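Enquirer: Quick one: the structure is below, and I'll ask about it shortly.
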Amino acid sequence: MHSLASGTPKNVAPVVKIVVIDTLNAALHFCVSLELVWAFAPDARLTMNPIQLFDPASSTYTYLLFDADSREAQIIDPVDEQLERDLAVLREYGLKLVLVVETHAHADHVTSASLLVEHTGALTAAPEACGIRTAALQLQDGAELHFGRQQLRALHTPGHTAGSMCYLWASGGRRHVFTGDTLLINGCGRTDFQSGSAAALYRSLTQVLWALPDETVVWPGHDYEGRRHSTIGAEKRNNPRIAGKSQAEFQSLMNGLNLPKPARIDEAVPANLRSGVRHDADGAALMAVRPASGYAGNITPQLAWSWVQSGEAMLVDVRSDAEREWVGFVPGAVGLAWKQWPGMVPNPDFDRKLLDAVPSDKKVLMLCRSGVRSIAAARRGTELGLEAYNVLEGFEGDPDEQAQRGRRGGWRYHGLPWRQG
C-alpha cells in the first residue's frame, strides 16, 4: 500500500481534495477523501478501477466502477454532500454514468442518487426489499447490472436491513464484492433497526459471502480506522464478530451491542427511501427564502411566481429543449438549457445567453425538472454576478412510490401557469 501523504511523486499534479493509491496484485486502486489530492497522468488513471471515494463525515465509502473501453460507469452508495466531488471524478476520467446503485436505505447519510440522475441521465437501482420505490430498477437476488462489457451481480444479503444487498464484480482476473454494511473489515453492520435480524445476517455471511473464493476482495461500505479493503478469507479467519462463532453466539453478541441511535436516521431514512429527495418547503414557509450555499437561496414555486408577476424577477427554465416541448413549459419563461440531450452535454452558450437574457437589476430564478440542475445553474449565475435563486421541486416535482412525477410537488402540481405543445 502506497500513500501520497509525503512528497509529490513524478507525473502527479495537485488538484482538489484527496487521493491515496493502493496497489493490489498489479492493479491500481484510486481512493479519494478530503485531506490530500493529486491527479495521475492520464495513462495511469485508466487502470485505477474501482475508484474508492470517502466521505469523512459518515465514514462512508463510495465506489465508482467503469468499463475501460466504453467508459460507461456505475456508482455504488454515493453521498449527497459529495456530489460535486463525484461529478468531478466522472469528468476527470471521461466517464458516462449509467447506473446509481444502492446497497440498502442508509441511516447515516443521504444518498445523492436523485441528484446524480439529474446531472447525468443515469438510472437508479436499489434492492426491491428495501422499499426504495423511486429507483428505476428494483433488484432481486441474482440480478445483473451491465455497464459496457462489465456487469455486477446482486447478492441478497439480509440482516443489517431486510433488503440489504452486496454486489459481485469480476474484473482484471480478480473477484470483488461490494458489501455495504453487511460485512465490514473486522466487523459487520448492526441489526437492531430497519427490520434487521442477527439470524439473517449470520446466514448471509456464512452461506452467501463465505461461499465466495477466499481471495475475493472485500470493499466495505464504511471504515472508521482508515482501512480500505480486505478479502473474504481474511474476514472468515479474523473478523471478531463472526469468525469461529455459532449462530447462537453471533446473535447473542449482536443483541448485546446496545449501540446509540444513528444521529441522522430520522432525516436520512425517509430521504433515502425516495432516492435522496428531501421535501424542504412546508406550508408555513411558502413565501420565505431558504438559505443556500453558493447562490442567493431556495424558493418555492409559489414565491417564484409571485416575484415574476411583480416584475422583480425573471424565470429561466434550464431543462432541455426536448423536456420543455414534450412535458410542458411556463409561458414567458426564458428557455435556456443547462444540459442538452443526447448525453446531457453541458450547454457551451449558457453563460452568454443567460447574461443577454437577464437584466442586471432583476433576480434570476432557475427552474428545472425537480430542483437539481437548477441548483448548478443558480451557482453559475451567481458566479456571473447575478442574484440567482433555485426553485424548489422544479417543474415536475419529486417521484412518487411508482417513480412517476407530477403527483408530489412541482410547478404544475401547484396549479401555476404552464402550457404544452
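Chain identifiers are assigned as A, B, and so on, following the order in which chains appear in the C-alpha cells; residues are numbered from 1 within each chain, and ligands are numbered from 1 in order of appearance.
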If we count only C-alpha atoms and set the cut-off at 10 Å, which residues sit around A:Glu323, ignoring sequence neighbours fewer than 5 positions away in its own chain? Please answer as a compact mmCIF listing (two decimals) with N, CA and C atoms, in the first residue's frame.

Expert:
```txt
# COMPACT_ATOMS: atom_id res chain seq x y z
N VAL A 318 -34.18 25.80 -17.16
CA VAL A 318 -32.90 25.22 -17.59
C VAL A 318 -33.03 23.76 -18.03
N GLY A 328 -43.93 20.16 -21.11
CA GLY A 328 -44.62 21.41 -20.87
C GLY A 328 -43.67 22.53 -20.53
N PHE A 329 -44.16 23.76 -20.59
CA PHE A 329 -43.31 24.92 -20.34
C PHE A 329 -44.11 26.00 -19.63
N ALA A 337 -31.27 25.82 -21.80
CA ALA A 337 -30.86 24.51 -21.26
C ALA A 337 -29.51 24.59 -20.57
N GLN A 340 -28.01 19.42 -22.56
CA GLN A 340 -28.88 19.01 -23.65
C GLN A 340 -28.76 17.52 -23.93
N TRP A 341 -29.86 16.91 -24.38
CA TRP A 341 -29.83 15.56 -24.91
C TRP A 341 -29.35 15.63 -26.35
N CYS A 368 -35.86 23.70 -13.08
CA CYS A 368 -35.58 22.50 -13.88
C CYS A 368 -36.68 21.48 -13.61
N ARG A 369 -36.39 20.20 -13.82
CA ARG A 369 -37.43 19.17 -13.64
C ARG A 369 -37.82 19.01 -12.19
```

Enquirer: Among the residues of stretch 78-246 of chain A, find those DSSP assigns to strand (DSSP E) from the backbone and print them as number ranges by chain.

Expert: A: 96-101, 123-127, 137-139, 144-147, 150-156, 165-171, 174-180, 183-184, 187-188, 217-220, 230-231

Enquirer: Take the residues from that selection and put them in a file with N, CA and C atoms, as a CSV table (one decimal), in the first residue's frame.

Expert:
```csv
chain,number,residue,atom,x,y,z
A,96,LYS,N,-19.1,8.0,-18.5
A,96,LYS,CA,-20.5,8.3,-18.6
A,96,LYS,C,-21.2,7.4,-17.6
A,97,LEU,N,-21.8,8.0,-16.6
A,97,LEU,CA,-22.5,7.3,-15.6
A,97,LEU,C,-23.8,6.8,-16.1
A,98,VAL,N,-24.0,5.4,-16.0
A,98,VAL,CA,-25.2,4.8,-16.5
A,98,VAL,C,-26.1,4.3,-15.4
A,99,LEU,N,-25.5,4.0,-14.2
A,99,LEU,CA,-26.3,3.4,-13.1
A,99,LEU,C,-25.8,4.0,-11.7
A,100,VAL,N,-26.8,4.3,-10.9
A,100,VAL,CA,-26.5,4.7,-9.5
A,100,VAL,C,-27.1,3.6,-8.6
A,101,VAL,N,-26.3,2.9,-7.9
A,101,VAL,CA,-26.7,1.7,-7.2
A,101,VAL,C,-26.6,1.8,-5.7
A,123,LEU,N,-29.6,5.8,-14.6
A,123,LEU,CA,-30.8,5.2,-13.9
A,123,LEU,C,-30.4,4.8,-12.5
A,124,THR,N,-31.4,4.8,-11.6
A,124,THR,CA,-31.2,4.3,-10.2
A,124,THR,C,-31.5,2.9,-10.1
A,125,ALA,N,-30.8,2.2,-9.2
A,125,ALA,CA,-31.1,0.8,-8.9
A,125,ALA,C,-30.9,0.5,-7.4
A,126,ALA,N,-31.9,-0.2,-6.9
A,126,ALA,CA,-31.9,-0.5,-5.4
A,126,ALA,C,-32.5,-1.8,-5.2
A,127,PRO,N,-32.2,-2.5,-4.0
A,127,PRO,CA,-32.8,-3.7,-3.7
A,127,PRO,C,-34.3,-3.6,-3.5
A,137,LEU,N,-34.8,0.7,-11.2
A,137,LEU,CA,-34.6,-0.8,-11.3
A,137,LEU,C,-34.7,-1.4,-9.9
A,138,GLN,N,-35.6,-2.3,-9.7
A,138,GLN,CA,-35.9,-2.9,-8.4
A,138,GLN,C,-35.2,-4.3,-8.5
A,139,LEU,N,-34.2,-4.5,-7.7
A,139,LEU,CA,-33.3,-5.6,-7.8
A,139,LEU,C,-33.7,-6.8,-6.9
A,144,GLU,N,-28.5,-8.8,-12.7
A,144,GLU,CA,-27.3,-8.4,-13.3
A,144,GLU,C,-27.4,-6.9,-13.8
A,145,LEU,N,-26.4,-6.1,-13.5
A,145,LEU,CA,-26.3,-4.7,-13.9
A,145,LEU,C,-25.1,-4.5,-14.8
A,146,HIS,N,-25.5,-4.1,-16.0
A,146,HIS,CA,-24.4,-4.1,-17.1
A,146,HIS,C,-23.9,-2.7,-17.3
A,147,PHE,N,-22.7,-2.5,-17.6
A,147,PHE,CA,-22.1,-1.2,-18.0
A,147,PHE,C,-20.9,-1.6,-18.9
A,150,GLN,N,-18.9,-4.9,-18.9
A,150,GLN,CA,-18.8,-5.3,-17.5
A,150,GLN,C,-20.2,-5.6,-16.9
A,151,GLN,N,-20.2,-6.3,-15.8
A,151,GLN,CA,-21.5,-6.5,-15.1
A,151,GLN,C,-21.3,-6.7,-13.6
A,152,LEU,N,-22.2,-6.2,-12.8
A,152,LEU,CA,-22.3,-6.6,-11.4
A,152,LEU,C,-23.4,-7.6,-11.2
A,153,ARG,N,-23.3,-8.5,-10.2
A,153,ARG,CA,-24.3,-9.4,-9.9
A,153,ARG,C,-24.8,-9.1,-8.5
A,154,ALA,N,-26.1,-9.0,-8.3
A,154,ALA,CA,-26.7,-8.7,-7.0
A,154,ALA,C,-26.8,-9.9,-6.1
A,155,LEU,N,-26.3,-9.8,-4.9
A,155,LEU,CA,-26.5,-10.9,-3.9
A,155,LEU,C,-27.4,-10.4,-2.8
A,156,HIS,N,-28.5,-11.0,-2.6
A,156,HIS,CA,-29.4,-10.6,-1.5
A,156,HIS,C,-28.8,-11.1,-0.2
A,165,MET,N,-28.2,-5.7,0.1
A,165,MET,CA,-27.5,-6.4,-1.0
A,165,MET,C,-26.0,-6.1,-1.0
A,166,CYS,N,-25.3,-7.1,-1.5
A,166,CYS,CA,-23.9,-7.0,-1.9
A,166,CYS,C,-23.8,-7.2,-3.4
A,167,TYR,N,-22.7,-6.7,-4.0
A,167,TYR,CA,-22.6,-6.7,-5.4
A,167,TYR,C,-21.3,-7.4,-5.8
A,168,LEU,N,-21.3,-8.4,-6.6
A,168,LEU,CA,-20.1,-9.1,-7.0
A,168,LEU,C,-19.7,-8.7,-8.4
A,169,TRP,N,-18.4,-8.5,-8.6
A,169,TRP,CA,-17.8,-8.0,-9.8
A,169,TRP,C,-16.5,-8.7,-10.1
A,170,ALA,N,-16.4,-9.3,-11.3
A,170,ALA,CA,-15.2,-9.9,-11.8
A,170,ALA,C,-14.5,-9.0,-12.8
A,171,SER,N,-13.3,-8.6,-12.5
A,171,SER,CA,-12.6,-7.7,-13.4
A,171,SER,C,-11.1,-7.9,-13.2
A,174,ARG,N,-9.6,-10.7,-11.1
A,174,ARG,CA,-10.0,-10.7,-9.7
A,174,ARG,C,-11.5,-10.7,-9.5
A,175,ARG,N,-11.9,-11.2,-8.3
A,175,ARG,CA,-13.3,-11.1,-7.9
A,175,ARG,C,-13.4,-10.0,-6.8
A,176,HIS,N,-14.3,-9.1,-7.0
A,176,HIS,CA,-14.5,-8.1,-6.0
A,176,HIS,C,-16.0,-8.1,-5.5
A,177,VAL,N,-16.2,-7.9,-4.2
A,177,VAL,CA,-17.5,-7.9,-3.6
A,177,VAL,C,-17.7,-6.6,-2.8
A,178,PHE,N,-18.7,-5.8,-3.2
A,178,PHE,CA,-19.0,-4.5,-2.5
A,178,PHE,C,-20.1,-4.8,-1.5
A,179,THR,N,-19.7,-4.8,-0.2
A,179,THR,CA,-20.6,-5.4,0.8
A,179,THR,C,-21.4,-4.4,1.6
A,180,GLY,N,-21.4,-3.1,1.3
A,180,GLY,CA,-22.2,-2.2,2.0
A,180,GLY,C,-22.0,-2.3,3.5
A,183,LEU,N,-21.0,-6.6,5.5
A,183,LEU,CA,-19.7,-7.1,6.0
A,183,LEU,C,-18.7,-5.9,6.0
A,184,LEU,N,-18.1,-5.6,7.2
A,184,LEU,CA,-17.1,-4.6,7.3
A,184,LEU,C,-15.8,-5.2,7.6
A,187,GLY,N,-15.7,-6.5,11.2
A,187,GLY,CA,-16.9,-6.1,11.8
A,187,GLY,C,-18.1,-6.4,10.9
A,188,CYS,N,-19.3,-6.0,11.2
A,188,CYS,CA,-20.4,-6.1,10.3
A,188,CYS,C,-21.5,-5.1,10.7
A,217,VAL,N,-11.8,-9.9,-3.2
A,217,VAL,CA,-11.5,-8.6,-2.5
A,217,VAL,C,-12.8,-8.0,-1.9
A,218,VAL,N,-12.8,-7.7,-0.6
A,218,VAL,CA,-13.9,-7.1,0.1
A,218,VAL,C,-13.8,-5.6,0.1
A,219,TRP,N,-14.8,-4.9,-0.4
A,219,TRP,CA,-14.8,-3.4,-0.4
A,219,TRP,C,-16.0,-3.0,0.5
A,220,PRO,N,-15.7,-2.6,1.7
A,220,PRO,CA,-16.8,-2.3,2.7
A,220,PRO,C,-17.5,-1.0,2.5
A,230,SER,N,-10.3,-5.7,2.3
A,230,SER,CA,-9.9,-6.9,2.9
A,230,SER,C,-10.1,-8.0,1.9
A,231,THR,N,-10.2,-9.2,2.3
A,231,THR,CA,-10.6,-10.4,1.5
A,231,THR,C,-11.5,-11.2,2.3
```

Enquirer: Can you tell me how far atom CA of A:Lys362 sits from atom CA of A:Gly397, in Å to one decimal?

Expert: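 Computed distance, atom CA of A:Lys362 to atom CA of A:Gly397, equals 25.6 Å.
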
Enquirer: Need the shell around A:Gly381: protein/DNA/RNA residues with any atom at most 9 Å away, counting only C-alpha atoms. Skip same-chain ones fewer than 6 positions apart. Format as a PyMOL selection string?

Expert: chain A and resi 295+351+354-355+364+387-389

Enquirer: Filtering to N, CA and C atoms, could you give me those residues as a PDB file, in the first residue's frame?

Expert:
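Contents of out-v9.pdb, freshly written:
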```
ATOM      1  N   TYR A 295     -25.302  30.344  -3.809  1.00  0.00           N
ATOM      2  CA  TYR A 295     -26.250  31.144  -4.580  1.00  0.00           C
ATOM      3  C   TYR A 295     -27.202  31.825  -3.606  1.00  0.00           C
ATOM      4  N   ASP A 351     -23.615  30.654 -20.435  1.00  0.00           N
ATOM      5  CA  ASP A 351     -23.206  31.906 -19.792  1.00  0.00           C
ATOM      6  C   ASP A 351     -23.609  33.118 -20.632  1.00  0.00           C
ATOM      7  N   LEU A 354     -27.432  33.581 -20.871  1.00  0.00           N
ATOM      8  CA  LEU A 354     -28.018  33.982 -19.593  1.00  0.00           C
ATOM      9  C   LEU A 354     -27.801  35.471 -19.352  1.00  0.00           C
ATOM     10  N   LEU A 355     -26.587  35.936 -19.572  1.00  0.00           N
ATOM     11  CA  LEU A 355     -26.294  37.360 -19.354  1.00  0.00           C
ATOM     12  C   LEU A 355     -27.041  38.241 -20.341  1.00  0.00           C
ATOM     13  N   VAL A 364     -32.804  36.343 -10.910  1.00  0.00           N
ATOM     14  CA  VAL A 364     -32.997  35.264 -11.873  1.00  0.00           C
ATOM     15  C   VAL A 364     -33.355  34.003 -11.113  1.00  0.00           C
ATOM     16  N   GLU A 387     -28.085  37.807  -9.130  1.00  0.00           N
ATOM     17  CA  GLU A 387     -28.762  37.372  -7.907  1.00  0.00           C
ATOM     18  C   GLU A 387     -29.638  36.182  -8.288  1.00  0.00           C
ATOM     19  N   ALA A 388     -29.099  34.989  -8.091  1.00  0.00           N
ATOM     20  CA  ALA A 388     -29.722  33.785  -8.641  1.00  0.00           C
ATOM     21  C   ALA A 388     -30.306  32.903  -7.554  1.00  0.00           C
ATOM     22  N   TYR A 389     -31.506  32.354  -7.823  1.00  0.00           N
ATOM     23  CA  TYR A 389     -32.224  31.501  -6.885  1.00  0.00           C
ATOM     24  C   TYR A 389     -32.578  30.179  -7.554  1.00  0.00           C
TER      25      TYR A 389
END
```

Enquirer: Mind listing the helix (DSSP H, G or I) residues of stretch 204-421 of chain A, per DSSP on the backbone, as a PyMOL selection string?

Expert: chain A and resi 204-209+232-238+247-255+265-272+283-285+301-310+321-327+350-357+373-383

Enquirer: Using only C-alpha atoms, which protein or nucleic acid residues come within 12 Å of A:His414? Drop anything in the same chain fewer than 2 positions from it, and give the result as a list in words.

Expert: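 Once the nearby chain positions are removed, what remains is Leu286, Thr300, Pro301, Gln302, Leu303, Ala304, Trp305, Leu392, Glu393, Gly394, Phe395, Glu396, Gly397, Gly406, Arg407, Arg408, Gly409, Gly410, Trp411, Arg412, Leu416, Pro417 and Trp418 of chain A.
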
Enquirer: Please produce a file of the residues just selected, as a tab-separated table (two decimals), in the first residue's frame, where the atoms kept are N, CA and C atoms.

Expert:
```
chain	number	residue	atom	x	y	z
A	286	LEU	N	-43.93	29.02	2.75
A	286	LEU	CA	-44.09	29.07	1.30
A	286	LEU	C	-43.51	30.34	0.69
A	300	THR	N	-39.83	28.56	-3.07
A	300	THR	CA	-40.90	27.68	-3.51
A	300	THR	C	-41.42	28.14	-4.87
A	301	PRO	N	-42.12	27.27	-5.60
A	301	PRO	CA	-42.73	27.72	-6.86
A	301	PRO	C	-43.70	28.88	-6.66
A	302	GLN	N	-44.40	28.87	-5.52
A	302	GLN	CA	-45.35	29.95	-5.26
A	302	GLN	C	-44.65	31.30	-5.13
A	303	LEU	N	-43.53	31.33	-4.40
A	303	LEU	CA	-42.80	32.59	-4.26
A	303	LEU	C	-42.18	32.99	-5.59
A	304	ALA	N	-41.70	32.04	-6.35
A	304	ALA	CA	-41.13	32.35	-7.66
A	304	ALA	C	-42.16	33.04	-8.55
A	305	TRP	N	-43.38	32.49	-8.59
A	305	TRP	CA	-44.42	33.07	-9.44
A	305	TRP	C	-44.80	34.47	-8.95
A	392	LEU	N	-37.41	25.35	-5.78
A	392	LEU	CA	-37.59	24.03	-5.20
A	392	LEU	C	-38.65	23.22	-5.94
A	393	GLU	N	-38.47	21.92	-5.97
A	393	GLU	CA	-39.42	20.95	-6.54
A	393	GLU	C	-39.43	20.94	-8.06
A	394	GLY	N	-38.97	22.04	-8.71
A	394	GLY	CA	-38.90	22.07	-10.16
A	394	GLY	C	-40.25	22.08	-10.84
A	395	PHE	N	-40.26	21.71	-12.12
A	395	PHE	CA	-41.48	21.73	-12.92
A	395	PHE	C	-42.36	20.53	-12.65
A	396	GLU	N	-41.73	19.36	-12.48
A	396	GLU	CA	-42.49	18.11	-12.35
A	396	GLU	C	-42.59	17.59	-10.92
A	397	GLY	N	-41.77	18.09	-10.00
A	397	GLY	CA	-41.81	17.62	-8.63
A	397	GLY	C	-41.04	16.34	-8.40
A	406	GLY	N	-45.12	14.41	-11.04
A	406	GLY	CA	-46.33	15.18	-11.28
A	406	GLY	C	-47.36	15.05	-10.19
A	407	ARG	N	-47.11	14.17	-9.22
A	407	ARG	CA	-48.08	13.96	-8.15
A	407	ARG	C	-47.55	14.38	-6.78
A	408	ARG	N	-46.30	14.81	-6.74
A	408	ARG	CA	-45.69	15.16	-5.46
A	408	ARG	C	-44.90	16.46	-5.63
A	409	GLY	N	-45.62	17.56	-5.59
A	409	GLY	CA	-44.97	18.86	-5.70
A	409	GLY	C	-44.64	19.22	-7.13
A	410	GLY	N	-44.07	20.41	-7.29
A	410	GLY	CA	-43.68	20.89	-8.60
A	410	GLY	C	-44.59	22.00	-9.11
A	411	TRP	N	-44.09	22.71	-10.11
A	411	TRP	CA	-44.79	23.87	-10.68
A	411	TRP	C	-46.20	23.49	-11.14
A	412	ARG	N	-46.32	22.43	-11.91
A	412	ARG	CA	-47.64	22.01	-12.43
A	412	ARG	C	-48.57	21.59	-11.30
A	416	LEU	N	-49.75	26.38	-11.01
A	416	LEU	CA	-49.19	27.59	-11.59
A	416	LEU	C	-49.23	27.52	-13.12
A	417	PRO	N	-49.16	28.65	-13.81
A	417	PRO	CA	-49.36	28.66	-15.27
A	417	PRO	C	-48.34	27.79	-16.03
A	418	TRP	N	-48.85	26.98	-16.95
A	418	TRP	CA	-47.98	26.21	-17.83
A	418	TRP	C	-48.77	25.79	-19.06
```

Enquirer: Mind pulling up the distance from atom CA of A:Ser374 to atom CA of A:Asp349?

Expert: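 Calculated distance between atom CA of A:Asp349 and atom CA of A:Ser374 is 16.2 Å.
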
Enquirer: By how many Å are atom CA of A:His119 and atom CA of A:Leu87 apart?

Expert: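 The value is 8.4 Å.
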
Enquirer: I want to know what sits within 10 Å of A:Ser195, based on only C-alpha atoms, with residues of the same chain fewer than 6 positions away left out; could you give that as a PyMOL selection string?

Expert: chain A and resi 130+158-163

Enquirer: Export C-alpha atoms of the chosen residues as a PDB file, in the first residue's frame?

Expert:
```pdb
ATOM      1  CA  CYS A 130     -35.645  -2.054   0.750  1.00  0.00           C
ATOM      2  CA  PRO A 158     -30.439  -9.527   4.533  1.00  0.00           C
ATOM      3  CA  GLY A 159     -29.554  -8.896   8.146  1.00  0.00           C
ATOM      4  CA  HIS A 160     -28.345  -5.311   8.546  1.00  0.00           C
ATOM      5  CA  THR A 161     -31.644  -4.421   6.883  1.00  0.00           C
ATOM      6  CA  ALA A 162     -34.209  -6.751   5.359  1.00  0.00           C
ATOM      7  CA  GLY A 163     -33.305  -5.687   1.833  1.00  0.00           C
TER       8      GLY A 163
END
```

Enquirer: Give me, as a VMD selection string, all polymer residues having an atom no more than 10 Å from A:Asp361, counting only C-alpha atoms and skipping those fewer than 5 positions away in the same chain.

Expert: chain A and resid 312 to 313 386 to 387

Enquirer: Could you save the residues just selected, with N, CA and C atoms, as a PDB file, in the first residue's frame?

Expert:
```
ATOM      1  N   GLU A 312     -40.106  41.721 -10.491  1.00  0.00           N
ATOM      2  CA  GLU A 312     -38.778  41.838  -9.877  1.00  0.00           C
ATOM      3  C   GLU A 312     -37.845  40.693 -10.236  1.00  0.00           C
ATOM      4  N   ALA A 313     -38.356  39.678 -10.935  1.00  0.00           N
ATOM      5  CA  ALA A 313     -37.516  38.526 -11.239  1.00  0.00           C
ATOM      6  C   ALA A 313     -37.863  37.965 -12.612  1.00  0.00           C
ATOM      7  N   LEU A 386     -24.983  37.554 -11.006  1.00  0.00           N
ATOM      8  CA  LEU A 386     -26.423  37.722 -10.894  1.00  0.00           C
ATOM      9  C   LEU A 386     -26.925  37.309  -9.514  1.00  0.00           C
ATOM     10  N   GLU A 387     -28.085  37.807  -9.130  1.00  0.00           N
ATOM     11  CA  GLU A 387     -28.762  37.372  -7.907  1.00  0.00           C
ATOM     12  C   GLU A 387     -29.638  36.182  -8.288  1.00  0.00           C
TER      13      GLU A 387
END
```
